[in-house]
Amino acid sequence: MENLVKNEQESPKRKKRKIEDEDEDGDREEEEEEEEEEEEEEVLDSMALWFTNDEEEDEDGGRDGFSDECETEDEDDDDEEEVVDSMALWFTNDEEEDEDGGRDGFSDECETEDEDDDDEEEVVDREKKKQKDPKWSSLEHKGPVFAPPYERLPETVKFWYNGEEMRLSEEAEEVACLYAKMLDDEHTTEEVFNKNFFEDWRNVMTDEEKGKITEFEKCNFKDMNTHIKREKTDEEKLALKEKNDELLKEYGFCKIDGRKEKIENKIEPPSLFIGRGEHPKMGRLKKRVEAEDIIINCGKDSKIPKPPPGHKWKEVRHDQSVSWLASWIGNVQNKTKYIKLDPSSKLKGETDKQKYETARKLHKNIEKIRKDYRDDWKSKEMRIRQRAVALYFIDKLALRAGNEKDEDQADTVGCCSLRVEHIELHEQKDDKEHVVVFDFLGKDSIRYYNEVPVEKRVFKNLQLFMDNKAPGDDLFDRLNTSIMNKHLNDLMEGLTAKVFRTYNASWTLQQQLDLLTNEDDTVAEKILSYNRANRAVAILCNHQRSVPPEVYKKNMEKLKEKIDAIREQISEGERKVKEAQRDAKLDSDKKEKEKETKLKHQLAELEIEKRNSNENKTESLNTSKLDYNDPRITVAWCKKYDVPIEKIYTKSQMERFGWAIVEAGPDYRF
DNA sequence: ATCGACACTTAGTAACAGCAGA
DNA sequence: TCTGCTGTTACTAAGTGTCGAT
């Protein structure tokens with residue numbers, strides 16, 4: 001049971017080997033030269049060896065006729081014309097599609113003119129630009145909604161220490177309640193969680209309490225737990241809801257550029273931190289946030305929000321270059337948190353649209369980019385090869401970029417931070433050639449497992465990258481996300497690694513919708529097709545959702561029943577076949593055999609289904625729907641096939657995608 | 001290059017609400 | 001009318017990517 005619920009692997013020991021550059025001068029950036037002898041179509045396979053030239057040489061010096069010959073031979077694409085075409089297109093786009101250029105009536109000219117000036121002026125210019133490129137011109141709000149204040153426990157509810165009841169000080173009691181509330185949560189069985197909690201709890205205790213409460217094992221929160229978890233009466237619930245609604249009415253909106261718009265979130269109440277996966281900080285106390293922690297951001301001549309009585313803000317500023325209304329620093333991770341506009345806001349809608357526009361631009365350039373990185377697989381420079389193979393993964397598999405992470409976070413990776421231990425190479429696997437098996441924990445410690453047949457050249461490159469490395473070493477030791485993104489930006493303005501995910505997701509949705517939708521289907525059937533297309537995207541992006549244990553168990557039972565039923569049918573069939581054979585009734589024998597193969601096929605599929613759901617995870621369609629699928633594709637599909645949009649989008653999704661619903665006609669193409 | 005601060009997007013899960021069937 | 005399931009929303013963690021300082 002336990003291991004069914006958990007999907008996490010053992011987190012591998014993190015061991016980052018810094019690859020020191022031998023460069024004494026520190027100045028030099030020349031790379032070692034790698035020579036490739038591999039011939040296309042394994043003509044000279046035995047000669048496929050690599051050697052490193054430690055001697056520093058300039059690019060041309062290292063080139064012998066050998067590699068030239070190789071390159072010419074390797075030219076497998078005969079679509080040179082097309083390449084030229086798309087290149088031309090690319091340059092044209094670059095000139096013309098300067099979308100931001102004209103915004104707000106500020107012309108590019110003045111920027112270009114200023115460029116020649118010296119550094120000081122440049123700084124001033126940047127400042128000016130920041131001012132000139134505001135996200136809003138007026139912003140007024142009433143300040144954030146604070147967490148409800150702590151209410152003390154009734155005297156009758158006790159905390160017990162070492163068998164004795166104890167009345168705690170207000171602060172110690174508040175924090176104890178946070179733990180008590182979680183008693184039946186799995187986390188409280190984890191050692192790290194308890195250790196962190198106890199440490200932080202002791203920090204808020206009075207000296208007296210600190211002296212007494214020294215061993216976590218002697219604490220008993222059971223009474224508090226039952227009190228906190230008691231069912232609320234209907235009146236209580238109603239009162240709570242009313243109070244909440246009122247608060248939201250007053251504080252849940254702001255006025256930005258004359259529009260009244262929803263605010264997305266409130267100040268986070270105190271709690272015990274729960275990270276994802278094996279987080280070293282689980283159980284730490286997330287402290288209550290006070291006005292004194294909060295920076296207010298609003299328009300210069302707007303009404304400044306009032307802090308709660310007896311309090312004052314940490315700071316009030318008027319920064320038009322950002323879109324947040326208030327911010328504070330979370331004490332657990334030491335990261336800034338924001339009160340933000342709701343996704344339904346105009347500002348959010350605009351940036352959302354911009355994201356999809358960049359992805360569409362990538363679509364126009366993708367052929368050239370793909371050709372480029374395929375060429376780079378043959379590069380003489382290691383760093384370029386690594387970059388090219390990584391980009392191939394980002395494009396083909398929609399992997400995330402993979403920034404470096406701190407030690408005090410869960411150990412997860414993305415493309416650029418993959419380690420040798422995260423992939424396995426198989427020359428041959430299940431009658432497929434050159435298979436790479438990916439197995440690693442990605443964002444939110446969600447496991448990514450994929451068996452991918454790749455081009456031989458990629459395979460050979462990976463072998464090279466892994467040569468002489470320990471499992472904990474970086475696969476792409478000459479690469480990180482900023483190198484990758486810098487390169488991508490050179491290929492296309494605005495291009496970064498994440499754009500590939502957006503692009504491939506939206507493109508997949510459109511392709512699948514084209515493929516799966518039948519005009520004459522009923523609305524229900526069309527919706528089914530939509531969900532299938534959506535599911536394809538979720539699978540591409542590895543979006544998962546865990547099924548609660550009880551539900552999971554029930555589903556498994558159902559599945560098992562089905563399997564048993566089919567097994568029964570098969571053995572029944574076999575019996576009939578035998579009978580038929582005995583009676584020499586060839587005709588019915590054949591029919592039964594057909595039936596049998598069909599049933600066996602069904603059985604195999606069910607077994608696969610069982611194996612899949614064994615992971616206790618299934619695709620989550622929501623994330624792709626919200627963040628990856630250009631809503632205009634969906635809107636266009638609905639309009640084209642007469643499916644009411646509200647069958648696809650919920651109320652809040654309709655608000656969020658309002659811009660797309662207005663904009664996209666039935667013929668919109670991504 | 002490398003780092004940290006910062007702003008913003010993307011992500012899974014808990015809690016809630018609403019509805020169908022007993 | 002209750003109950004159990006399901007879709008939706010609330011919540012906030014965990015990514016990405018940029019920028020300026022060192």
# chains A, B, ... in the order shown; residues from 1 in each chain; ligands from 1
$ residues_around --residues "segment 4-14 of chain B" --least-positions-apart "6" --cutoff "7 Å" --atoms "only C-alpha atoms (C1' of nucleotides)" --output "PyMOL selection string"
(chain A and resi 545+627) or (chain C and resi 15)
$ closest_atom_pairs --of "chain A" --to "chain B" --cutoff "10 Å" --atoms "only C-alpha atoms (C1' of nucleotides)" --output "tab-separated table"
residue	atom	partner	partner_atom	distance
A:Arg276	CA	B:DG12	C1'	9.1
A:Val322	CA	B:DA7	C1'	7.5
A:Ser323	CA	B:DA7	C1'	8.7
A:Trp324	CA	B:DA7	C1'	8.8
A:Lys335	CA	B:DA5	C1'	9.0
A:Thr336	CA	B:DC6	C1'	7.8
A:Lys337	CA	B:DA7	C1'	9.8
A:Tyr338	CA	B:DA7	C1'	9.2
A:Lys340	CA	B:DC8	C1'	9.9
A:Asp352	CA	B:DT9	C1'	9.6
A:Lys443	CA	B:DA11	C1'	7.9
A:Asp444	CA	B:DA11	C1'	7.2
A:Ile446	CA	B:DG12	C1'	9.2
A:His543	CA	B:DA11	C1'	8.5
A:Gln544	CA	B:DG12	C1'	7.8
A:Arg545	CA	B:DG12	C1'	6.7
A:Ser546	CA	B:DG12	C1'	8.4
A:Ser620	CA	B:DG12	C1'	9.0
A:Asn622	CA	B:DA11	C1'	9.8
A:Thr623	CA	B:DA11	C1'	7.1
A:Ser624	CA	B:DT10	C1'	9.6
A:Leu626	CA	B:DT10	C1'	9.3
A:Asp627	CA	B:DT10	C1'	7.0
A:Tyr628	CA	B:DT10	C1'	9.3
$ closest_atom_pairs --of "chain C" --to "chain A" --cutoff "10 Å" --atoms "only C-alpha atoms (C1' of nucleotides)" --output "CSV"
residue,atom,partner,partner_atom,distance
C:DC5,C1',A:Val551,CA,9.9
C:DG7,C1',A:Thr650,CA,9.4
C:DT8,C1',A:Thr650,CA,7.8
C:DT9,C1',A:Ser652,CA,8.8
C:DA10,C1',A:Asn265,CA,8.6
C:DC11,C1',A:Asn265,CA,8.4
C:DT12,C1',A:Glu268,CA,8.0
C:DA13,C1',A:Gly275,CA,6.6
C:DA14,C1',A:Asp444,CA,6.3
C:DG15,C1',A:Lys443,CA,6.5
C:DT16,C1',A:Lys498,CA,7.4
C:DG17,C1',A:Thr496,CA,8.2
$ write_last_selection --atoms "N, CA, C and O atoms (P, O5', C5', C4', C3', O3' and C1' of nucleotides)" --output "PDB file, in the first residue's frame"
ATOM      1  P    DC C   5     -17.910   7.208  -3.271  1.00  0.00           P
ATOM      2  O5'  DC C   5     -17.821   7.811  -4.739  1.00  0.00           O
ATOM      3  C5'  DC C   5     -18.958   7.783  -5.605  1.00  0.00           C
ATOM      4  C4'  DC C   5     -18.985   9.068  -6.406  1.00  0.00           C
ATOM      5  C3'  DC C   5     -17.639   9.457  -7.009  1.00  0.00           C
ATOM      6  O3'  DC C   5     -17.800   9.453  -8.423  1.00  0.00           O
ATOM      7  C1'  DC C   5     -18.718  11.339  -6.006  1.00  0.00           C
ATOM      8  P    DG C   7     -15.844  14.745 -13.333  1.00  0.00           P
ATOM      9  O5'  DG C   7     -15.940  16.335 -13.409  1.00  0.00           O
ATOM     10  C5'  DG C   7     -17.213  16.945 -13.335  1.00  0.00           C
ATOM     11  C4'  DG C   7     -17.082  18.308 -12.717  1.00  0.00           C
ATOM     12  C3'  DG C   7     -16.008  19.191 -13.343  1.00  0.00           C
ATOM     13  O3'  DG C   7     -16.596  20.471 -13.461  1.00  0.00           O
ATOM     14  C1'  DG C   7     -15.608  19.020 -11.027  1.00  0.00           C
ATOM     15  P    DT C   8     -15.875  21.683 -14.137  1.00  0.00           P
ATOM     16  O5'  DT C   8     -15.437  22.532 -12.876  1.00  0.00           O
ATOM     17  C5'  DT C   8     -16.444  23.013 -12.004  1.00  0.00           C
ATOM     18  C4'  DT C   8     -15.811  23.852 -10.916  1.00  0.00           C
ATOM     19  C3'  DT C   8     -14.726  24.822 -11.384  1.00  0.00           C
ATOM     20  O3'  DT C   8     -15.168  26.128 -11.046  1.00  0.00           O
ATOM     21  C1'  DT C   8     -13.995  23.561  -9.494  1.00  0.00           C
ATOM     22  P    DT C   9     -14.282  27.395 -11.251  1.00  0.00           P
ATOM     23  O5'  DT C   9     -13.646  27.542  -9.793  1.00  0.00           O
ATOM     24  C5'  DT C   9     -14.504  27.627  -8.663  1.00  0.00           C
ATOM     25  C4'  DT C   9     -13.641  27.699  -7.418  1.00  0.00           C
ATOM     26  C3'  DT C   9     -12.591  28.797  -7.421  1.00  0.00           C
ATOM     27  O3'  DT C   9     -12.687  29.431  -6.151  1.00  0.00           O
ATOM     28  C1'  DT C   9     -11.579  26.758  -6.905  1.00  0.00           C
ATOM     29  P    DA C  10     -11.852  30.655  -5.730  1.00  0.00           P
ATOM     30  O5'  DA C  10     -10.833  29.997  -4.684  1.00  0.00           O
ATOM     31  C5'  DA C  10     -11.354  29.296  -3.563  1.00  0.00           C
ATOM     32  C4'  DA C  10     -10.219  28.908  -2.648  1.00  0.00           C
ATOM     33  C3'  DA C  10      -9.189  30.003  -2.392  1.00  0.00           C
ATOM     34  O3'  DA C  10      -8.852  29.910  -1.028  1.00  0.00           O
ATOM     35  C1'  DA C  10      -8.127  28.126  -3.389  1.00  0.00           C
ATOM     36  P    DC C  11      -7.780  30.862  -0.364  1.00  0.00           P
ATOM     37  O5'  DC C  11      -6.422  30.049  -0.526  1.00  0.00           O
ATOM     38  C5'  DC C  11      -6.313  28.777   0.112  1.00  0.00           C
ATOM     39  C4'  DC C  11      -5.009  28.157  -0.304  1.00  0.00           C
ATOM     40  C3'  DC C  11      -3.788  29.079  -0.196  1.00  0.00           C
ATOM     41  O3'  DC C  11      -2.961  28.560   0.824  1.00  0.00           O
ATOM     42  C1'  DC C  11      -3.749  27.768  -2.175  1.00  0.00           C
ATOM     43  P    DT C  12      -1.885  29.455   1.518  1.00  0.00           P
ATOM     44  O5'  DT C  12      -0.576  29.025   0.733  1.00  0.00           O
ATOM     45  C5'  DT C  12      -0.114  27.681   0.837  1.00  0.00           C
ATOM     46  C4'  DT C  12       0.863  27.423  -0.268  1.00  0.00           C
ATOM     47  C3'  DT C  12       1.993  28.470  -0.340  1.00  0.00           C
ATOM     48  O3'  DT C  12       3.168  27.783  -0.683  1.00  0.00           O
ATOM     49  C1'  DT C  12       1.064  28.183  -2.404  1.00  0.00           C
ATOM     50  P    DA C  13       4.409  27.702   0.354  1.00  0.00           P
ATOM     51  O5'  DA C  13       5.183  26.482  -0.295  1.00  0.00           O
ATOM     52  C5'  DA C  13       4.526  25.239  -0.508  1.00  0.00           C
ATOM     53  C4'  DA C  13       5.031  24.625  -1.789  1.00  0.00           C
ATOM     54  C3'  DA C  13       6.522  24.801  -2.031  1.00  0.00           C
ATOM     55  O3'  DA C  13       6.995  23.548  -2.491  1.00  0.00           O
ATOM     56  C1'  DA C  13       5.292  25.677  -3.874  1.00  0.00           C
ATOM     57  P    DA C  14       8.494  23.303  -2.864  1.00  0.00           P
ATOM     58  O5'  DA C  14       8.465  23.593  -4.416  1.00  0.00           O
ATOM     59  C5'  DA C  14       7.856  22.684  -5.308  1.00  0.00           C
ATOM     60  C4'  DA C  14       8.209  23.123  -6.701  1.00  0.00           C
ATOM     61  C3'  DA C  14       9.694  23.398  -6.899  1.00  0.00           C
ATOM     62  O3'  DA C  14      10.017  22.985  -8.199  1.00  0.00           O
ATOM     63  C1'  DA C  14       8.494  25.302  -7.481  1.00  0.00           C
ATOM     64  P    DG C  15      11.401  22.315  -8.518  1.00  0.00           P
ATOM     65  O5'  DG C  15      11.462  22.553 -10.086  1.00  0.00           O
ATOM     66  C5'  DG C  15      12.017  23.751 -10.568  1.00  0.00           C
ATOM     67  C4'  DG C  15      11.098  24.373 -11.572  1.00  0.00           C
ATOM     68  C3'  DG C  15      11.812  25.312 -12.527  1.00  0.00           C
ATOM     69  O3'  DG C  15      12.131  24.633 -13.702  1.00  0.00           O
ATOM     70  C1'  DG C  15       9.909  26.386 -11.582  1.00  0.00           C
ATOM     71  P    DT C  16      13.265  25.158 -14.609  1.00  0.00           P
ATOM     72  O5'  DT C  16      12.697  26.522 -15.201  1.00  0.00           O
ATOM     73  C5'  DT C  16      11.601  26.523 -16.105  1.00  0.00           C
ATOM     74  C4'  DT C  16      11.385  27.937 -16.617  1.00  0.00           C
ATOM     75  C3'  DT C  16      12.621  28.531 -17.290  1.00  0.00           C
ATOM     76  O3'  DT C  16      12.223  29.072 -18.530  1.00  0.00           O
ATOM     77  C1'  DT C  16      11.866  29.963 -15.543  1.00  0.00           C
ATOM     78  P    DG C  17      13.330  29.480 -19.599  1.00  0.00           P
ATOM     79  O5'  DG C  17      13.614  30.992 -19.218  1.00  0.00           O
ATOM     80  C5'  DG C  17      12.553  31.923 -19.298  1.00  0.00           C
ATOM     81  C4'  DG C  17      13.036  33.251 -18.776  1.00  0.00           C
ATOM     82  C3'  DG C  17      14.434  33.667 -19.262  1.00  0.00           C
ATOM     83  O3'  DG C  17      14.336  35.022 -19.651  1.00  0.00           O
ATOM     84  C1'  DG C  17      14.313  33.825 -16.930  1.00  0.00           C
TER      85       DG C  17
END
$ atom_distance --atom1 "atom CA of Pro149 of chain A" --atom2 "atom CA of Glu186 of chain A"
27.2 Å
$ residues_around --residues "Arg383 of chain A" --least-positions-apart "3" --cutoff "8 Å" --atoms "only C-alpha atoms (C1' of nucleotides)" --output "PyMOL selection string"
chain A and resi 31+386-387+478-479
$ residues_around --residues "Ala176 of chain A" --least-positions-apart "2" --cutoff "10 Å" --atoms "only C-alpha atoms (C1' of nucleotides)" --output "number ranges by chain"
A: 159, 168, 170-174, 178-181, 197-198, 201, 219, 221, 224-225
$ atom_distance --atom1 "atom CA of Asn331 of chain A" --atom2 "atom CA of Lys287 of chain A"
6.8 Å
$ atom_distance --atom1 "atom CA of Ile366 of chain A" --atom2 "atom CA of Gln512 of chain A"
19.1 Å
$ residues_around --residues "Asp642 of chain A" --least-positions-apart "4" --cutoff "12 Å" --atoms "only C-alpha atoms (C1' of nucleotides)" --output "JSON, numbers by chain"
{"A": [517, 518, 519, 520, 521, 522, 523, 524, 526, 527, 634, 635, 636, 637, 638, 646, 647, 648, 666]}
$ write_last_selection --atoms "all heavy atoms" --output "compact mmCIF listing (two decimals), in the first residue's frame"
# COMPACT_ATOMS: atom_id res chain seq x y z
N THR A 517 -11.52 15.14 -34.54
CA THR A 517 -12.89 15.64 -34.57
C THR A 517 -13.62 15.26 -35.86
O THR A 517 -13.08 15.42 -36.95
CB THR A 517 -12.91 17.18 -34.45
OG1 THR A 517 -11.94 17.58 -33.50
CG2 THR A 517 -14.27 17.66 -34.02
N ASN A 518 -14.82 14.74 -35.70
CA ASN A 518 -15.68 14.47 -36.85
C ASN A 518 -16.85 15.44 -36.82
O ASN A 518 -17.51 15.60 -35.80
CB ASN A 518 -16.25 13.05 -36.79
CG ASN A 518 -15.16 12.03 -36.90
OD1 ASN A 518 -14.30 12.12 -37.75
ND2 ASN A 518 -15.20 11.07 -35.99
N GLU A 519 -17.09 16.02 -37.94
CA GLU A 519 -18.12 17.05 -38.02
C GLU A 519 -19.50 16.53 -37.59
O GLU A 519 -20.26 17.23 -36.95
CB GLU A 519 -18.20 17.59 -39.45
CG GLU A 519 -18.68 19.00 -39.51
CD GLU A 519 -18.05 19.76 -40.68
OE1 GLU A 519 -17.08 19.27 -41.29
OE2 GLU A 519 -18.55 20.85 -40.96
N ASP A 520 -19.79 15.28 -37.97
CA ASP A 520 -21.15 14.76 -37.70
C ASP A 520 -21.31 14.17 -36.31
O ASP A 520 -22.38 13.68 -35.97
CB ASP A 520 -21.53 13.69 -38.73
CG ASP A 520 -20.95 13.96 -40.09
OD1 ASP A 520 -21.16 15.09 -40.56
OD2 ASP A 520 -20.31 13.05 -40.66
N ASP A 521 -20.28 14.20 -35.53
CA ASP A 521 -20.41 13.67 -34.18
C ASP A 521 -21.36 14.52 -33.34
O ASP A 521 -21.60 15.69 -33.64
CB ASP A 521 -19.04 13.66 -33.48
CG ASP A 521 -18.22 12.44 -33.86
OD1 ASP A 521 -18.77 11.55 -34.54
OD2 ASP A 521 -17.05 12.39 -33.48
N THR A 522 -21.87 13.89 -32.28
CA THR A 522 -22.67 14.66 -31.33
C THR A 522 -21.73 15.53 -30.51
O THR A 522 -20.52 15.33 -30.50
CB THR A 522 -23.42 13.72 -30.36
OG1 THR A 522 -22.42 13.02 -29.60
CG2 THR A 522 -24.28 12.73 -31.10
N VAL A 523 -22.34 16.49 -29.82
CA VAL A 523 -21.54 17.37 -28.98
C VAL A 523 -20.74 16.56 -27.95
O VAL A 523 -19.55 16.80 -27.73
CB VAL A 523 -22.42 18.43 -28.27
CG1 VAL A 523 -21.63 19.17 -27.21
CG2 VAL A 523 -22.99 19.41 -29.29
N ALA A 524 -21.40 15.58 -27.38
CA ALA A 524 -20.72 14.75 -26.37
C ALA A 524 -19.51 14.04 -26.96
O ALA A 524 -18.45 13.99 -26.34
CB ALA A 524 -21.70 13.73 -25.79
N LYS A 526 -17.82 15.02 -29.55
CA LYS A 526 -16.80 16.02 -29.85
C LYS A 526 -16.01 16.39 -28.60
O LYS A 526 -14.79 16.57 -28.65
CB LYS A 526 -17.46 17.28 -30.45
CG LYS A 526 -17.89 17.10 -31.89
CD LYS A 526 -18.65 18.32 -32.38
CE LYS A 526 -19.23 18.07 -33.77
NZ LYS A 526 -20.26 19.06 -34.10
N ILE A 527 -16.72 16.51 -27.50
CA ILE A 527 -16.03 16.84 -26.24
C ILE A 527 -15.05 15.73 -25.87
O ILE A 527 -13.94 15.98 -25.39
CB ILE A 527 -17.06 17.08 -25.11
CG1 ILE A 527 -17.80 18.39 -25.39
CG2 ILE A 527 -16.38 17.13 -23.75
CD1 ILE A 527 -18.96 18.67 -24.48
N THR A 634 -8.78 26.46 -28.95
CA THR A 634 -9.99 25.90 -28.36
C THR A 634 -11.23 26.67 -28.77
O THR A 634 -12.24 26.09 -29.17
CB THR A 634 -9.86 25.89 -26.82
OG1 THR A 634 -8.70 25.15 -26.46
CG2 THR A 634 -11.09 25.29 -26.17
N VAL A 635 -11.11 27.99 -28.67
CA VAL A 635 -12.25 28.84 -29.03
C VAL A 635 -12.64 28.61 -30.49
O VAL A 635 -13.81 28.42 -30.82
CB VAL A 635 -11.91 30.32 -28.79
CG1 VAL A 635 -12.99 31.22 -29.37
CG2 VAL A 635 -11.74 30.60 -27.30
N ALA A 636 -11.62 28.58 -31.37
CA ALA A 636 -11.89 28.37 -32.79
C ALA A 636 -12.57 27.02 -33.01
O ALA A 636 -13.54 26.92 -33.76
CB ALA A 636 -10.59 28.43 -33.58
N TRP A 637 -12.07 26.03 -32.31
CA TRP A 637 -12.65 24.68 -32.45
C TRP A 637 -14.12 24.68 -32.03
O TRP A 637 -14.98 24.11 -32.70
CB TRP A 637 -11.82 23.72 -31.60
CG TRP A 637 -12.28 22.30 -31.64
CD1 TRP A 637 -11.97 21.35 -32.56
CD2 TRP A 637 -13.13 21.67 -30.66
NE1 TRP A 637 -12.58 20.17 -32.24
CE2 TRP A 637 -13.29 20.33 -31.08
CE3 TRP A 637 -13.77 22.09 -29.49
CZ2 TRP A 637 -14.07 19.42 -30.36
CZ3 TRP A 637 -14.53 21.20 -28.78
CH2 TRP A 637 -14.67 19.87 -29.21
N CYS A 638 -14.39 25.33 -30.91
CA CYS A 638 -15.78 25.40 -30.44
C CYS A 638 -16.67 26.09 -31.46
O CYS A 638 -17.78 25.64 -31.75
CB CYS A 638 -15.85 26.18 -29.12
SG CYS A 638 -15.29 25.24 -27.71
N GLU A 646 -18.69 26.96 -22.96
CA GLU A 646 -18.77 26.65 -21.52
C GLU A 646 -18.77 25.14 -21.24
O GLU A 646 -18.70 24.73 -20.09
CB GLU A 646 -19.97 27.36 -20.88
CG GLU A 646 -21.32 27.11 -21.52
CD GLU A 646 -21.58 28.07 -22.70
OE1 GLU A 646 -20.64 28.73 -23.18
OE2 GLU A 646 -22.74 28.12 -23.15
N LYS A 647 -18.83 24.34 -22.32
CA LYS A 647 -18.68 22.89 -22.11
C LYS A 647 -17.20 22.54 -21.93
O LYS A 647 -16.86 21.46 -21.46
CB LYS A 647 -19.22 22.12 -23.34
CG LYS A 647 -20.69 22.28 -23.56
CD LYS A 647 -21.46 21.16 -22.91
CE LYS A 647 -22.94 21.32 -23.23
NZ LYS A 647 -23.80 20.64 -22.29
N ILE A 648 -16.34 23.43 -22.37
CA ILE A 648 -14.91 23.17 -22.30
C ILE A 648 -14.27 23.96 -21.15
O ILE A 648 -13.46 23.43 -20.40
CB ILE A 648 -14.22 23.57 -23.63
CG1 ILE A 648 -14.85 22.85 -24.80
CG2 ILE A 648 -12.71 23.30 -23.54
CD1 ILE A 648 -14.61 21.35 -24.85
N PRO A 666 -13.68 31.03 -36.13
CA PRO A 666 -13.62 29.58 -36.35
C PRO A 666 -12.41 29.15 -37.18
O PRO A 666 -12.05 27.97 -37.18
CB PRO A 666 -14.93 29.29 -37.09
CG PRO A 666 -15.43 30.60 -37.57
CD PRO A 666 -14.90 31.62 -36.65
$ residues_around --residues "Lys625 of chain A" --least-positions-apart "4" --cutoff "10 Å" --atoms "only C-alpha atoms (C1' of nucleotides)" --output "mmCIF file with N, CA, C and O atoms, in the first residue's frame"
data_model
loop_
_atom_site.group_PDB
_atom_site.id
_atom_site.type_symbol
_atom_site.label_atom_id
_atom_site.label_comp_id
_atom_site.auth_asym_id
_atom_site.auth_seq_id
_atom_site.Cartn_x
_atom_site.Cartn_y
_atom_site.Cartn_z
ATOM 1 N N ALA A 505 3.149 22.042 -27.210
ATOM 2 C CA ALA A 505 1.855 21.725 -26.609
ATOM 3 C C ALA A 505 0.717 22.241 -27.488
ATOM 4 O O ALA A 505 -0.180 21.488 -27.865
ATOM 5 N N SER A 506 0.768 23.509 -27.823
ATOM 6 C CA SER A 506 -0.312 24.096 -28.612
ATOM 7 C C SER A 506 -0.397 23.443 -29.992
ATOM 8 O O SER A 506 -1.483 23.180 -30.506
ATOM 9 N N LEU A 509 -2.042 20.113 -29.672
ATOM 10 C CA LEU A 509 -3.489 20.244 -29.486
ATOM 11 C C LEU A 509 -4.177 20.460 -30.834
ATOM 12 O O LEU A 509 -5.153 19.784 -31.161
ATOM 13 N N ASN A 531 -11.107 16.149 -25.241
ATOM 14 C CA ASN A 531 -10.369 15.671 -24.063
ATOM 15 C C ASN A 531 -9.219 14.759 -24.456
ATOM 16 O O ASN A 531 -8.173 14.772 -23.816
ATOM 17 N N ASN A 534 -6.500 16.985 -25.618
ATOM 18 C CA ASN A 534 -5.945 17.611 -24.421
ATOM 19 C C ASN A 534 -5.037 16.626 -23.668
ATOM 20 O O ASN A 534 -3.966 16.978 -23.182
ATOM 21 N N ARG A 535 -5.480 15.379 -23.629
ATOM 22 C CA ARG A 535 -4.700 14.362 -22.925
ATOM 23 C C ARG A 535 -3.347 14.130 -23.594
ATOM 24 O O ARG A 535 -2.328 13.944 -22.924
ATOM 25 N N VAL A 537 -1.590 16.293 -24.995
ATOM 26 C CA VAL A 537 -0.718 17.376 -24.557
ATOM 27 C C VAL A 537 -0.213 17.125 -23.138
ATOM 28 O O VAL A 537 0.972 17.303 -22.848
ATOM 29 N N ALA A 538 -1.129 16.696 -22.282
ATOM 30 C CA ALA A 538 -0.748 16.434 -20.892
ATOM 31 C C ALA A 538 0.330 15.362 -20.815
ATOM 32 O O ALA A 538 1.268 15.456 -20.019
ATOM 33 N N SER A 620 -3.011 14.917 -15.704
ATOM 34 C CA SER A 620 -3.828 16.037 -15.293
ATOM 35 C C SER A 620 -4.002 16.948 -16.492
ATOM 36 O O SER A 620 -3.040 17.426 -17.064
ATOM 37 N N LEU A 621 -5.252 17.141 -16.872
ATOM 38 C CA LEU A 621 -5.501 17.918 -18.080
ATOM 39 C C LEU A 621 -5.498 19.421 -17.810
ATOM 40 O O LEU A 621 -5.427 20.238 -18.714
ATOM 41 N N ASN A 629 -2.027 25.449 -23.745
ATOM 42 C CA ASN A 629 -2.822 25.424 -24.974
ATOM 43 C C ASN A 629 -3.317 26.821 -25.316
ATOM 44 O O ASN A 629 -4.080 27.406 -24.549
ATOM 45 N N ASP A 630 -2.882 27.333 -26.429
ATOM 46 C CA ASP A 630 -3.378 28.627 -26.897
ATOM 47 C C ASP A 630 -4.902 28.570 -26.865
ATOM 48 O O ASP A 630 -5.517 27.788 -27.601
ATOM 49 N N PRO A 631 -5.537 29.392 -26.029
ATOM 50 C CA PRO A 631 -7.002 29.301 -25.895
ATOM 51 C C PRO A 631 -7.723 29.582 -27.210
ATOM 52 O O PRO A 631 -8.850 29.147 -27.405
ATOM 53 N N THR A 634 -8.782 26.458 -28.946
ATOM 54 C CA THR A 634 -9.990 25.898 -28.356
ATOM 55 C C THR A 634 -11.230 26.672 -28.771
ATOM 56 O O THR A 634 -12.243 26.088 -29.166
ATOM 57 N N ILE A 648 -16.345 23.425 -22.369
ATOM 58 C CA ILE A 648 -14.911 23.172 -22.298
ATOM 59 C C ILE A 648 -14.266 23.960 -21.152
ATOM 60 O O ILE A 648 -13.459 23.433 -20.398
ATOM 61 N N TYR A 649 -14.648 25.221 -21.031
ATOM 62 C CA TYR A 649 -14.050 26.079 -20.008
ATOM 63 C C TYR A 649 -15.012 26.322 -18.846
ATOM 64 O O TYR A 649 -16.210 26.500 -19.058
ATOM 65 N N GLN A 653 -12.293 30.073 -16.080
ATOM 66 C CA GLN A 653 -11.464 29.935 -17.277
ATOM 67 C C GLN A 653 -11.981 30.824 -18.398
ATOM 68 O O GLN A 653 -11.211 31.400 -19.159
#
$ select_by_dssp --residues "segment 204-447 of chain A" --states "helix (DSSP H, G or I)" --output "ChimeraX atom specification"
/A:204,207-212,216-218,222-229,234-251,291-293,346-376,382-397,420-422,443-445
